[in-house]
file upload_21.cif (mmCIF, C-alpha atoms)
data_work
loop_
_atom_site.label_atom_id
_atom_site.label_comp_id
_atom_site.auth_asym_id
_atom_site.auth_seq_id
_atom_site.Cartn_x
_atom_site.Cartn_y
_atom_site.Cartn_z
CA MET Y 817 0.00 0.00 0.00
CA PHE Y 818 1.33 3.43 -0.99
CA PRO Y 819 2.27 5.46 2.08
CA PHE Y 820 0.12 8.48 1.15
CA PRO Y 821 0.69 10.37 4.44
CA VAL Y 822 4.44 10.14 4.00
CA PHE Y 823 4.17 11.31 0.37
CA ARG Y 824 1.98 14.23 1.45
CA SER Y 825 4.55 15.23 4.05
CA ARG Y 826 7.40 15.12 1.54
CA LEU Y 827 5.35 17.05 -1.02
CA ALA Y 828 4.69 19.76 1.57
CA ILE Y 829 8.42 20.05 2.26
CA LEU Y 830 9.11 20.36 -1.48
CA PHE Y 831 6.53 23.12 -1.82
CA ARG Y 832 8.10 25.01 1.09
CA PHE Y 833 11.54 24.72 -0.52
CA VAL Y 834 10.25 26.01 -3.85
CA ALA Y 835 8.48 28.89 -2.09
CA ILE Y 836 11.59 29.84 -0.13
CA ALA Y 837 13.75 29.69 -3.28
CA GLY Y 838 11.27 31.84 -5.20
CA LEU Y 839 11.18 34.38 -2.37
CA ALA Y 840 14.97 34.48 -2.33
CA LEU Y 841 15.11 35.11 -6.07
CA LEU Y 842 12.51 37.88 -5.74
CA LEU Y 843 14.48 39.61 -2.98
CA LEU Y 844 17.69 39.28 -4.96
CA SER Y 845 16.11 40.86 -8.05
CA LEU Y 846 15.01 43.83 -5.93
CA PHE Y 847 18.22 44.21 -3.98
CA VAL Y 848 20.76 44.16 -6.86
CA PRO Y 849 19.40 47.23 -8.78
CA ALA Y 850 19.19 49.13 -5.48
CA MET Y 851 22.86 48.61 -4.77
CA GLY Y 852 23.80 51.50 -7.06
CA VAL Y 853 21.44 53.81 -5.20
CA PHE Y 854 23.25 53.14 -1.92
CA GLY Y 855 26.69 53.62 -3.44
CA PHE Y 856 27.44 49.98 -4.16
CA THR Y 857 28.69 49.35 -7.67
CA ASP Y 858 30.22 46.53 -9.56
CA ALA Y 859 33.60 47.97 -8.68
CA ALA Y 860 33.04 47.01 -5.05
CA PHE Y 861 32.97 43.36 -6.08
CA GLN Y 862 35.86 43.51 -8.50
CA SER Y 863 39.39 42.42 -7.75
CA PRO Y 864 41.63 45.14 -6.30
CA PRO Y 865 43.91 46.94 -8.78
CA ASP Y 866 47.30 45.53 -9.55
CA PRO Y 867 49.69 47.03 -6.99
CA SER Y 868 52.67 46.69 -9.32
CA PRO Y 869 54.33 50.02 -10.33
CA PRO Y 870 53.74 51.53 -13.79
CA ASP Y 871 56.00 50.65 -16.66
CA PRO Y 872 59.21 52.61 -16.06
CA SER Y 873 60.31 52.47 -19.70
CA PRO Y 874 60.53 55.93 -21.37
CA PRO Y 875 58.10 56.99 -24.10
CA PRO Y 876 59.06 56.38 -27.70
CA PRO Y 877 61.81 58.81 -28.78
CA LEU Y 878 60.98 61.74 -31.06
CA PRO Y 879 62.26 61.62 -34.62
CA ALA Y 880 65.92 62.50 -34.91
CA GLU Y 881 65.01 65.26 -37.35
CA GLY Y 882 61.91 67.42 -37.17
CA ASP Y 883 60.03 69.21 -39.90
CA MET Y 884 62.23 72.35 -39.95
CA ILE Y 885 63.11 73.20 -43.54
CA ASP Y 886 65.97 75.47 -44.53
CA LEU Y 887 64.55 78.00 -46.99
CA GLY Y 888 68.00 79.11 -48.03
CA THR Y 889 69.01 82.61 -49.15
CA LEU Y 890 69.35 84.65 -52.30
CA GLY Y 891 73.08 84.00 -52.32
CA GLY Y 892 74.13 85.67 -49.08
CA TYR Y 893 74.54 84.53 -45.50
CA TYR Y 894 71.31 85.82 -43.94
CA SER Y 895 67.57 85.57 -44.54
CA ASP Y 896 64.44 86.03 -42.45
CA VAL Y 897 60.71 85.66 -42.95
CA SER Y 898 57.82 88.00 -42.19
CA ASP Y 899 54.65 86.21 -43.19
CA ILE Y 900 53.06 83.09 -44.69
CA ASN Y 901 49.60 82.72 -46.22
CA ASN Y 902 47.31 79.69 -46.29
CA ARG Y 903 48.69 78.64 -49.65
CA GLY Y 904 52.13 78.19 -48.11
CA GLN Y 905 53.65 81.22 -49.83
CA ILE Y 906 56.32 82.79 -47.63
CA VAL Y 907 57.79 86.29 -47.79
CA GLY Y 908 60.71 88.03 -46.15
CA SER Y 909 64.13 89.35 -47.04
CA SER Y 910 67.51 87.84 -47.78
CA ASP Y 911 71.09 88.92 -48.39
CA THR Y 912 72.10 88.57 -52.00
CA GLY Y 913 75.38 87.45 -53.46
CA SER Y 914 76.15 91.04 -54.50
CA GLY Y 915 75.86 92.40 -50.95
CA GLY Y 916 72.34 93.84 -51.08
CA SER Y 917 69.24 92.68 -49.22
CA HIS Y 918 66.14 91.90 -51.27
CA ALA Y 919 62.56 90.91 -50.59
CA PHE Y 920 61.75 87.35 -51.57
CA LEU Y 921 58.82 85.03 -52.21
CA TRP Y 922 59.36 81.37 -51.30
CA GLU Y 923 56.97 78.92 -52.91
CA LYS Y 924 57.17 75.16 -53.52
CA GLY Y 925 60.85 75.01 -52.73
CA ASP Y 926 61.93 78.02 -54.78
CA MET Y 927 63.01 81.41 -53.39
CA THR Y 928 62.29 84.22 -55.85
CA ASP Y 929 64.05 87.58 -55.69
CA LEU Y 930 61.40 90.30 -55.87
CA GLY Y 931 63.93 92.97 -56.73
CA THR Y 932 63.77 96.59 -55.58
CA LEU Y 933 62.46 99.98 -56.64
CA GLY Y 934 65.91 100.83 -57.94
CA GLY Y 935 67.91 100.82 -54.72
CA TYR Y 936 70.01 98.16 -53.05
CA TYR Y 937 67.53 96.79 -50.52
CA SER Y 938 63.90 95.81 -50.11
CA HIS Y 939 61.90 93.94 -47.50
CA ALA Y 940 58.54 92.12 -47.76
CA ASN Y 941 56.23 92.43 -44.75
CA ASP Y 942 52.94 90.75 -45.65
CA ILE Y 943 51.23 88.56 -48.24
CA ASN Y 944 47.52 87.92 -48.77
CA GLU Y 945 45.78 84.85 -50.19
CA ARG Y 946 45.92 86.31 -53.70
CA GLY Y 947 49.70 86.40 -53.56
CA GLN Y 948 49.93 90.19 -53.35
CA ILE Y 949 52.99 91.25 -51.35
CA VAL Y 950 53.70 94.54 -49.60
CA GLY Y 951 56.78 95.98 -47.95
CA SER Y 952 59.36 98.71 -48.43
CA SER Y 953 62.24 99.28 -50.82
CA ALA Y 954 65.01 101.74 -51.50
CA THR Y 955 64.53 103.80 -54.63
CA ALA Y 956 67.12 104.89 -57.16
CA SER Y 957 67.15 108.34 -55.53
CA GLY Y 958 67.98 106.90 -52.11
CA GLU Y 959 64.53 107.25 -50.56
CA THR Y 960 62.55 104.38 -49.05
CA HIS Y 961 59.04 103.78 -50.40
CA ALA Y 962 56.25 101.34 -49.69
CA PHE Y 963 55.67 98.83 -52.48
CA LEU Y 964 53.07 96.41 -53.78
CA TRP Y 965 54.39 93.36 -55.63
CA GLU Y 966 51.97 91.47 -57.83
CA LYS Y 967 52.51 89.02 -60.70
CA GLY Y 968 56.17 89.84 -61.07
CA VAL Y 969 55.84 93.61 -60.89
CA MET Y 970 56.88 95.81 -57.94
CA SER Y 971 54.93 99.06 -57.81
CA ASP Y 972 55.92 102.20 -55.88
CA LEU Y 973 53.08 103.32 -53.58
CA GLY Y 974 54.64 106.70 -52.94
CA THR Y 975 54.58 108.63 -49.66
CA LEU Y 976 52.53 111.26 -47.85
CA GLY Y 977 54.96 113.92 -49.00
CA GLY Y 978 58.11 112.83 -47.24
CA GLN Y 979 61.01 110.60 -48.27
CA TRP Y 980 60.07 107.44 -46.41
CA SER Y 981 57.16 105.00 -46.28
CA SER Y 982 56.61 101.33 -45.57
CA ALA Y 983 53.60 99.04 -46.08
CA TYR Y 984 52.95 96.58 -43.26
CA ALA Y 985 49.74 94.74 -44.14
CA ILE Y 986 47.33 94.01 -46.98
CA ASN Y 987 43.86 92.45 -46.91
CA GLU Y 988 42.10 90.38 -49.56
CA ARG Y 989 40.52 93.51 -51.06
CA GLY Y 990 43.95 94.94 -51.79
CA GLN Y 991 43.75 97.64 -49.12
CA ILE Y 992 47.22 98.40 -47.78
CA VAL Y 993 48.23 100.06 -44.54
CA GLY Y 994 51.51 101.29 -43.14
CA SER Y 995 53.36 104.41 -42.16
CA SER Y 996 54.80 107.32 -44.12
CA ALA Y 997 56.72 110.52 -43.58
CA THR Y 998 54.77 113.68 -44.32
CA ALA Y 999 56.01 116.85 -45.99
CA SER Y 1000 56.25 118.49 -42.55
CA GLY Y 1001 58.49 115.72 -41.18
CA GLU Y 1002 55.88 113.89 -39.14
CA MET Y 1003 55.19 110.16 -39.48
CA HIS Y 1004 51.55 109.21 -40.11
CA ALA Y 1005 49.62 106.00 -40.62
CA PHE Y 1006 48.21 105.57 -44.10
CA LEU Y 1007 45.64 103.56 -46.01
CA TRP Y 1008 46.43 102.88 -49.67
CA GLU Y 1009 43.50 101.92 -51.87
CA LYS Y 1010 43.01 101.99 -55.63
CA GLY Y 1011 46.09 104.06 -56.25
CA VAL Y 1012 45.47 106.65 -53.53
CA MET Y 1013 47.41 106.93 -50.25
CA SER Y 1014 45.28 108.51 -47.51
CA ASP Y 1015 46.68 110.09 -44.35
CA LEU Y 1016 44.94 108.60 -41.29
CA GLY Y 1017 46.24 111.28 -38.96
CA THR Y 1018 47.23 110.78 -35.33
CA LEU Y 1019 45.73 110.90 -31.84
CA GLY Y 1020 47.11 114.40 -31.40
CA GLY Y 1021 50.84 113.72 -31.60
CA TYR Y 1022 53.35 113.71 -34.42
CA TYR Y 1023 53.58 110.01 -35.14
CA SER Y 1024 51.29 107.10 -35.94
CA SER Y 1025 51.60 103.75 -37.69
CA ALA Y 1026 49.01 101.28 -39.00
CA GLY Y 1027 49.81 97.61 -38.54
CA ALA Y 1028 46.78 95.66 -39.76
CA VAL Y 1029 43.59 95.97 -41.81
CA ASN Y 1030 40.71 93.50 -41.90
CA GLU Y 1031 38.31 92.62 -44.72
CA ALA Y 1032 35.87 95.33 -43.58
CA GLY Y 1033 38.55 97.98 -43.99
CA LEU Y 1034 39.01 98.54 -40.26
CA VAL Y 1035 42.55 99.68 -39.54
CA VAL Y 1036 44.45 99.27 -36.26
CA GLY Y 1037 47.76 100.61 -35.09
CA SER Y 1038 49.36 102.92 -32.57
CA SER Y 1039 49.75 106.67 -32.31
CA GLU Y 1040 51.39 109.33 -30.24
CA THR Y 1041 48.87 111.35 -28.25
CA ASN Y 1042 48.94 115.06 -27.47
CA SER Y 1043 50.36 114.15 -24.04
CA GLU Y 1044 53.32 112.43 -25.72
CA GLY Y 1045 52.07 108.98 -24.75
CA TRP Y 1046 51.40 106.16 -27.19
CA HIS Y 1047 47.94 104.61 -27.54
CA ALA Y 1048 46.46 101.91 -29.69
CA PHE Y 1049 43.89 103.10 -32.23
CA LEU Y 1050 41.10 101.82 -34.42
CA TRP Y 1051 40.35 103.71 -37.62
CA GLN Y 1052 37.27 103.33 -39.77
CA LYS Y 1053 35.63 105.29 -42.53
#

call {"tool": "encode", "arguments": {"input": "upload_21.cif", "output": "structure tokens"}}
result
Amino acid sequence: MFPFPVFRSRLAILFRFVAIAGLALLLLSLFVPAMGVFGFTDAAFQSPPDPSPPDPSPPPPLPAEGDMIDLGTLGGYYSDVSDINNRGQIVGSSDTGSGGSHAFLWEKGDMTDLGTLGGYYSHANDINERGQIVGSSATASGETHAFLWEKGVMSDLGTLGGQWSSAYAINERGQIVGSSATASGEMHAFLWEKGVMSDLGTLGGYYSSAGAVNEAGLVVGSSETNSEGWHAFLWQK
């Protein structure tokens, strides 16, 4: 005869075990997500970090030679650069083999002598994205004049009446700024545009110089004031 009471007792024990296991799984499913809320993370159950020291070997050495390129000279012992545009065209000045110092344009490995306005020296100060170059050069008469070099031709920009001028910057519109002696012996900032050099005046003193011009034609520089100090200025039409 099948011991039904014994079977019923064992079945009851099995049911209790299943119930307890289910309750344990339920509590575990609730407790694990809450661990992050109370500051417990997976990191708390991970192995501790390796206490060994970091790798003492030095970082990989830099290349023996960097990317510095010798641009050379125009035949002399000295050259320097003033500006480079986004096309990689570089301008400056260099000693020549004959003893003068000439403005140059360096492009794609070649240094080109830009010549002078008739004198023995010239210097390039700035170049825009169109390849127009400005600077100063000695003339055949011994004066120093601002110049614009474009497509192989160096043009004399003249002065404000004196014997000296220099162009320091040019924008993409071809507006040029710099400084020039006046007929009275003062030194004034100028704006050159479409063949005309305009005197920008001063802040009350005798001297001023324009160093940059943006695409809107705004000019900045410095000027002597009427108190003999020097102040930065912004000039606009």

call {"tool": "residues_around", "arguments": {"input": "upload_21.cif", "residues": "range 988-1005 of chain Y", "least_positions_apart": "5", "cutoff": "8 Å", "atoms": "only C-alpha atoms", "output": "PyMOL selection string"}}
result
chain Y and resi 944-946+948+950+975-983+1010+1015-1018+1022-1029+1031+1033+1035+1037

call {"tool": "atom_distance", "arguments": {"input": "upload_21.cif", "atom1": "CA of Ile885 in chain Y", "atom2": "CA of Leu964 in chain Y"}}
result
27.3 Å

call {"tool": "atom_distance", "arguments": {"input": "upload_21.cif", "atom1": "CA of Gly925 in chain Y", "atom2": "CA of Ser909 in chain Y"}}
result
15.8 Å

call {"tool": "atom_distance", "arguments": {"input": "upload_21.cif", "atom1": "CA of Phe920 in chain Y", "atom2": "CA of Val1036 in chain Y"}}
result
26.0 Å

call {"tool": "residues_around", "arguments": {"input": "upload_21.cif", "residues": "range 1041-1048 of chain Y", "least_positions_apart": "3", "cutoff": "6 Å", "atoms": "all atoms listed in the file", "output": "JSON, numbers by chain"}}
result
{"Y": [1019, 1020, 1021, 1037, 1038]}

call {"tool": "write_last_selection", "arguments": {"input": "upload_21.cif", "atoms": "C-alpha atoms", "output": "short mmCIF file (atom, residue, chain, number, x, y, z; two decimals), keeping the file's coordinate frame"}}
result
data_model
loop_
_atom_site.label_atom_id
_atom_site.label_comp_id
_atom_site.auth_asym_id
_atom_site.auth_seq_id
_atom_site.Cartn_x
_atom_site.Cartn_y
_atom_site.Cartn_z
CA LEU Y 1019 45.73 110.90 -31.84
CA GLY Y 1020 47.11 114.40 -31.40
CA GLY Y 1021 50.84 113.72 -31.60
CA GLY Y 1037 47.76 100.61 -35.09
CA SER Y 1038 49.36 102.92 -32.57
#

call {"tool": "axis_aligned_box", "arguments": {"input": "upload_21.cif", "around": "range 921-934 of chain Y", "padding_each_side": "5 Å", "output": "lines of an AutoDock Vina configuration file"}}
result
center_x = 61.4
center_y = 87.9
center_z = -54.6
size_x = 18.9
size_y = 35.8
size_z = 16.6

call {"tool": "closest_residue", "arguments": {"input": "upload_21.cif", "among": "Y:Gly904, Y:Gly882, Y:Gly951, Y:Gly974", "to": "His918 in chain Y", "atoms": "only C-alpha atoms"}}
result
Y:Gly951

call {"tool": "closest_residue", "arguments": {"input": "upload_21.cif", "among": "Y:Val969, Y:Ala1032, Y:Ala962, Y:Leu1050", "to": "Met1013 in chain Y", "atoms": "all atoms listed in the file"}}
result
Y:Ala962

call {"tool": "closest_residue", "arguments": {"input": "upload_21.cif", "among": "Y:Leu930, Y:Ala954, Y:Ile943, Y:Gly888", "to": "Gln905 in chain Y", "atoms": "all atoms listed in the file"}}
result
Y:Ile943

call {"tool": "resolve_selection", "arguments": {"input": "upload_21.cif", "expression": "the PyMOL selection byres ((chain Y and resi 897) around 8)", "output": "PDB file with C-alpha atoms, in the frame of the given file"}}
result
ATOM      1  CA  SER Y 895      67.570  85.570 -44.540  1.00  0.00           C
ATOM      2  CA  ASP Y 896      64.440  86.030 -42.450  1.00  0.00           C
ATOM      3  CA  SER Y 898      57.820  88.000 -42.190  1.00  0.00           C
ATOM      4  CA  ASP Y 899      54.650  86.210 -43.190  1.00  0.00           C
ATOM      5  CA  ILE Y 906      56.320  82.790 -47.630  1.00  0.00           C
ATOM      6  CA  VAL Y 907      57.790  86.290 -47.790  1.00  0.00           C
ATOM      7  CA  GLY Y 908      60.710  88.030 -46.150  1.00  0.00           C
ATOM      8  CA  SER Y 909      64.130  89.350 -47.040  1.00  0.00           C
TER       9      SER Y 909
END

call {"tool": "closest_residue", "arguments": {"input": "upload_21.cif", "among": "Y:Asp942, Y:Glu959, Y:Glu923, Y:Asp972", "to": "Asn987 in chain Y", "atoms": "all atoms listed in the file"}}
result
Y:Asp942
